[in-house]
file data_13.cif (mmCIF, C-alpha atoms)
data_start
loop_
_atom_site.label_atom_id
_atom_site.label_comp_id
_atom_site.auth_asym_id
_atom_site.auth_seq_id
_atom_site.Cartn_x
_atom_site.Cartn_y
_atom_site.Cartn_z
CA THR A 1 -15.78 -7.19 9.91
CA ALA A 2 -16.04 -5.27 6.65
CA GLY A 3 -18.62 -2.53 6.71
CA SER A 4 -18.67 -2.15 10.46
CA GLY A 5 -16.55 1.00 10.41
CA ASP A 6 -14.52 -0.23 13.38
CA SER A 7 -11.67 2.26 13.58
CA SER A 8 -9.56 0.27 16.02
CA VAL A 9 -5.87 0.78 15.47
CA PRO A 10 -4.19 -2.19 13.80
CA ALA A 11 -1.50 -4.06 15.71
CA ASP A 12 1.00 -3.42 12.90
CA ALA A 13 1.27 -2.80 9.16
CA THR A 14 0.82 -6.49 8.34
CA ALA A 15 -2.37 -6.67 10.44
CA LEU A 16 -3.72 -3.62 8.62
CA LEU A 17 -3.21 -5.13 5.15
CA THR A 18 -4.36 -8.58 6.31
CA ALA A 19 -7.67 -7.17 7.57
CA VAL A 20 -8.29 -5.51 4.20
CA TRP A 21 -7.27 -8.61 2.19
CA ASP A 22 -9.41 -10.86 4.39
CA ALA A 23 -12.41 -8.59 3.68
CA HIS A 24 -12.10 -9.32 -0.06
CA SER A 25 -14.52 -11.98 -1.31
CA ASP A 26 -13.11 -14.96 -3.19
CA ASP A 27 -14.29 -13.35 -6.43
CA GLU A 28 -12.41 -10.13 -5.61
CA LYS A 29 -9.12 -11.87 -4.82
CA PHE A 30 -6.33 -12.51 -7.31
CA PRO A 31 -2.99 -14.35 -7.21
CA ALA A 32 -1.02 -12.35 -4.66
CA ALA A 33 2.06 -12.45 -2.49
CA GLY A 34 3.30 -10.27 0.33
CA GLY A 35 6.43 -9.42 2.23
CA ASP A 36 9.95 -8.82 1.04
CA TYR A 37 12.58 -11.12 -0.45
CA GLU A 38 13.42 -12.69 2.93
CA THR A 39 9.88 -13.10 4.25
CA SER A 40 7.71 -13.66 1.18
CA VAL A 41 4.30 -15.28 1.71
CA ASP A 42 1.75 -16.48 -0.85
CA ASP A 43 -1.90 -15.41 -0.92
CA ALA A 44 -1.53 -12.95 1.96
CA PRO A 45 0.12 -9.69 2.96
CA GLY A 46 3.55 -10.05 4.52
CA ALA A 47 5.91 -8.08 6.71
CA PHE A 48 8.53 -5.99 4.96
CA ASP A 49 11.85 -5.11 6.63
CA PRO A 50 11.78 -1.30 6.89
CA SER A 51 15.54 -1.15 7.51
CA ASN A 52 16.29 -2.26 3.94
CA ALA A 53 15.97 1.08 2.15
CA ASP A 54 16.97 -0.34 -1.24
CA ASN A 55 14.23 -3.01 -1.15
CA LEU A 56 11.68 -0.44 0.06
CA ASN A 57 12.56 1.73 -2.91
CA PHE A 58 12.75 -1.03 -5.51
CA LEU A 59 9.65 -3.01 -4.54
CA LEU A 60 7.42 -0.45 -2.82
CA THR A 61 8.63 2.87 -4.31
CA VAL A 62 9.64 4.41 -0.97
CA PRO A 63 12.30 7.07 -1.57
CA THR A 64 15.55 5.72 -0.12
CA GLU A 65 16.11 8.90 1.86
CA ASP A 66 12.67 8.51 3.48
CA ALA A 67 13.17 4.98 4.84
CA SER A 68 13.88 6.50 8.27
CA LEU A 69 10.31 7.84 8.33
CA ILE A 70 9.03 4.25 8.61
CA ASP A 71 9.50 1.73 11.43
CA ASP A 72 7.10 -0.99 10.23
CA ALA A 73 5.96 -1.99 6.74
CA ALA A 74 3.97 -4.65 4.92
CA SER A 75 3.10 -5.35 1.30
CA LEU A 76 0.70 -7.22 -0.95
CA MET A 77 1.37 -7.50 -4.69
CA HIS A 78 -0.20 -9.15 -7.70
CA MET A 79 1.90 -12.24 -8.43
CA MET A 80 1.90 -11.75 -12.21
CA ASN A 81 2.65 -8.03 -12.44
CA ALA A 82 3.24 -5.59 -9.59
CA ASN A 83 1.88 -2.77 -11.79
CA THR A 84 -1.51 -4.54 -11.82
CA PHE A 85 -1.72 -4.20 -8.02
CA THR A 86 0.69 -3.22 -5.27
CA ALA A 87 -0.43 -2.21 -1.80
CA ALA A 88 1.78 -1.26 1.10
CA ALA A 89 1.15 -0.12 4.65
CA TYR A 90 3.67 1.86 6.66
CA HIS A 91 3.83 2.85 10.30
CA ALA A 92 5.12 6.41 10.27
CA THR A 93 7.71 7.58 12.78
CA GLY A 94 6.52 11.17 12.31
CA ASP A 95 4.01 13.19 10.31
CA THR A 96 1.80 10.93 8.16
CA ALA A 97 0.93 13.81 5.80
CA GLU A 98 4.62 14.39 5.04
CA LEU A 99 5.21 10.69 4.45
CA ALA A 100 2.09 10.48 2.25
CA GLN A 101 3.33 13.32 0.06
CA GLN A 102 6.85 11.85 -0.26
CA LEU A 103 5.40 8.47 -1.27
CA ARG A 104 2.97 10.04 -3.75
CA ASP A 105 5.65 12.19 -5.37
CA ASN A 106 8.05 9.27 -5.74
CA ILE A 107 5.42 6.92 -7.21
CA MET A 108 4.15 9.53 -9.68
CA GLN A 109 7.64 10.15 -11.07
CA ARG A 110 8.46 6.45 -11.51
CA GLN A 111 9.61 5.09 -14.86
CA TRP A 112 7.23 2.16 -15.29
CA MET A 113 8.17 -1.06 -17.02
CA CYS A 114 5.79 -3.88 -18.06
CA GLY A 115 2.80 -1.56 -18.39
CA PHE A 116 1.47 1.38 -16.43
CA PRO A 117 -0.72 1.19 -13.34
CA ASP A 118 -4.05 2.99 -13.91
CA LYS A 119 -4.19 4.89 -10.65
CA LEU A 120 -2.58 5.63 -7.31
CA VAL A 121 -4.26 6.15 -3.96
CA VAL A 122 -2.36 7.27 -0.87
CA ALA A 123 -4.33 7.26 2.37
CA GLU A 124 -3.59 8.05 5.99
CA VAL A 125 -5.14 5.59 8.44
CA GLY A 126 -5.54 7.18 11.84
CA ASP A 127 -2.54 9.26 12.80
CA GLU A 128 0.06 6.49 12.57
CA TYR A 129 -0.26 4.66 9.23
CA VAL A 130 0.07 5.50 5.55
CA VAL A 131 -1.22 3.12 2.88
CA THR A 132 -0.27 3.26 -0.78
CA VAL A 133 -2.08 1.25 -3.44
CA PHE A 134 -1.60 1.42 -7.18
CA GLY A 135 -2.64 -0.66 -10.13
CA ALA A 136 -5.78 -1.46 -12.10
CA ASP A 137 -8.70 0.84 -11.31
CA GLU A 138 -11.07 -1.92 -10.19
CA LEU A 139 -8.53 -3.60 -7.89
CA VAL A 140 -7.52 -0.28 -6.28
CA ASP A 141 -11.15 0.79 -5.80
CA THR A 142 -12.10 -2.57 -4.23
CA PHE A 143 -9.14 -2.36 -1.85
CA MET A 144 -10.08 1.19 -0.79
CA THR A 145 -13.73 0.21 -0.26
CA HIS A 146 -12.63 -2.52 2.14
CA LEU A 147 -10.05 -0.28 3.86
CA LYS A 148 -12.73 2.34 4.57
CA GLY A 149 -15.23 -0.35 5.55
CA ILE A 150 -12.87 -1.72 8.20
CA TYR A 151 -11.38 1.46 9.64
CA GLY A 152 -14.22 3.87 8.90
CA ASP A 153 -14.40 6.96 6.71
CA HIS A 154 -13.51 9.11 9.72
CA ALA A 155 -10.22 7.23 10.26
CA VAL A 156 -9.19 6.89 6.60
CA HIS A 157 -8.11 10.15 4.97
CA THR A 158 -7.50 9.82 1.23
CA ALA A 159 -4.57 12.17 0.70
CA TYR A 160 -4.20 11.41 -3.04
CA ASP A 161 -6.37 9.60 -5.60
CA GLU A 162 -4.91 10.17 -9.04
CA ALA A 163 -4.62 8.62 -12.46
CA ILE A 164 -1.06 7.62 -13.35
CA LEU A 165 -0.23 9.14 -16.71
#

call {"tool": "encode", "arguments": {"input": "data_13.cif", "output": "structure tokens"}}
result
Amino acid sequence: TAGSGDSSVPADATALLTAVWDAHSDDEKFPAAGGDYETSVDDAPGAFDPSNADNLNFLLTVPTEDASLIDDAASLMHMMNANTFTAAAYHATGDTAELAQQLRDNIMQRQWMCGFPDKLVVAEVGDEYVVTVFGADELVDTFMTHLKGIYGDHAVHTAYDEAIL
């Protein structure tokens, strides 16, 4: 449960995001959808096919050349505007710090349409997962509070927490 600091390793990227979303109170939730074009789900995180590098890049801002660094992915996005909130979890095939930096660099150099996200946070969860979340300050901060509450401050390393300018 949220706040327990249970650092158990999630079963997969979808389980990681689902635990965080489920920790949100009804008042903290917003219209959301998860997954990719083939496996979209409403009001919950969904699995994202990591073998589709173009979709990873277009929807989740993963550099196409870095798709091989991921073998499992999941997403959760605001239904009205992805720039208001987009979260993704990735199971890294190698070094999480390298993947975190590649994701951060790619997101920060994006050309945004339909408004700018306020901030970006990239976090490593344990030694296997990287989570990216960008959007409105309040939504990103709430997400990170629940992520740390579930997996514990010792298991969640915030690699980047930056305003998007």

call {"tool": "resolve_selection", "arguments": {"input": "data_13.cif", "expression": "the PyMOL selection byres ((chain A and resi 104) around 10)", "output": "VMD selection string"}}
result
chain A and resid 61 to 62 98 to 103 105 to 109 120 to 123 132 159 to 162

call {"tool": "atom_distance", "arguments": {"input": "data_13.cif", "atom1": "atom CA of A:Leu16", "atom2": "atom CA of A:Gly135"}}
result
19.0 Å

call {"tool": "resolve_selection", "arguments": {"input": "data_13.cif", "expression": "the PyMOL selection byres ((chain A and resi 73-83) around 6)", "output": "list in words"}}
result
Ala13, Thr14, Pro31, Ala32, Ala33, Gly34, Gly35, Pro45, Gly46, Ala47, Phe48, Pro50, Asp72, Thr84, Phe85, Thr86, Ala87, Ala88, Ala89, Tyr90, Pro117 and Gly135 of chain A

call {"tool": "closest_residue", "arguments": {"input": "data_13.cif", "among": "A:Met144, A:Ile164, A:Ala97, A:Asp49", "to": "A:Asp118", "atoms": "all atoms listed in the file"}}
result
A:Ile164

call {"tool": "closest_residue", "arguments": {"input": "data_13.cif", "among": "A:Asp153, A:Asp141, A:Asp95, A:Asp42", "to": "A:Asp127", "atoms": "all atoms listed in the file"}}
result
A:Asp95

call {"tool": "closest_residue", "arguments": {"input": "data_13.cif", "among": "A:Lys148, A:Asp12, A:Asn52, A:Thr18", "to": "A:Asp36", "atoms": "all atoms listed in the file"}}
result
A:Asn52

call {"tool": "closest_residue", "arguments": {"input": "data_13.cif", "among": "A:Thr39, A:Thr158, A:Thr93, A:Thr142", "to": "A:Asp66", "atoms": "all atoms listed in the file"}}
result
A:Thr93

call {"tool": "axis_aligned_box", "arguments": {"input": "data_13.cif", "around": "stretch 41-58 of chain A", "padding_each_side": "8 Å", "output": "AutoDock Vina command-line options"}}
result
--center_x 7.5 --center_y -7.4 --center_z 1.0 --size_x 34.9 --size_y 34.2 --size_z 29.0

call {"tool": "closest_residue", "arguments": {"input": "data_13.cif", "among": "A:Val130, A:Ala23, A:Ala15, A:Ala44", "to": "A:Ile70", "atoms": "all atoms listed in the file"}}
result
A:Val130

call {"tool": "closest_residue", "arguments": {"input": "data_13.cif", "among": "A:Ala163, A:Ala53, A:Val125, A:Met113", "to": "A:Leu147", "atoms": "all atoms listed in the file"}}
result
A:Val125

call {"tool": "atom_distance", "arguments": {"input": "data_13.cif", "atom1": "atom CA of A:Glu124", "atom2": "atom CA of A:Thr96"}}
result
6.5 Å

call {"tool": "residues_near_point", "arguments": {"input": "data_13.cif", "point": "(-11.1, -7.4, 3.3)", "cutoff": "10 Å", "atoms": "all atoms listed in the file", "output": "list in words"}}
result
Thr1, Ala2, Gly3, Leu16, Leu17, Thr18, Ala19, Val20, Trp21, Asp22, Ala23, His24, Ser25, Glu28, Lys29, Thr142, Phe143, Met144, Thr145, His146, Leu147, Lys148, Gly149 and Ile150 of chain A

call {"tool": "atom_distance", "arguments": {"input": "data_13.cif", "atom1": "atom CA of A:Thr64", "atom2": "atom CA of A:Ala155"}}
result
27.8 Å

call {"tool": "resolve_selection", "arguments": {"input": "data_13.cif", "expression": "the PyMOL selection byres ((chain A and resi 9) around 9)", "output": "PyMOL selection string"}}
result
chain A and resi 6-8+10-12+16+125-126+128+151
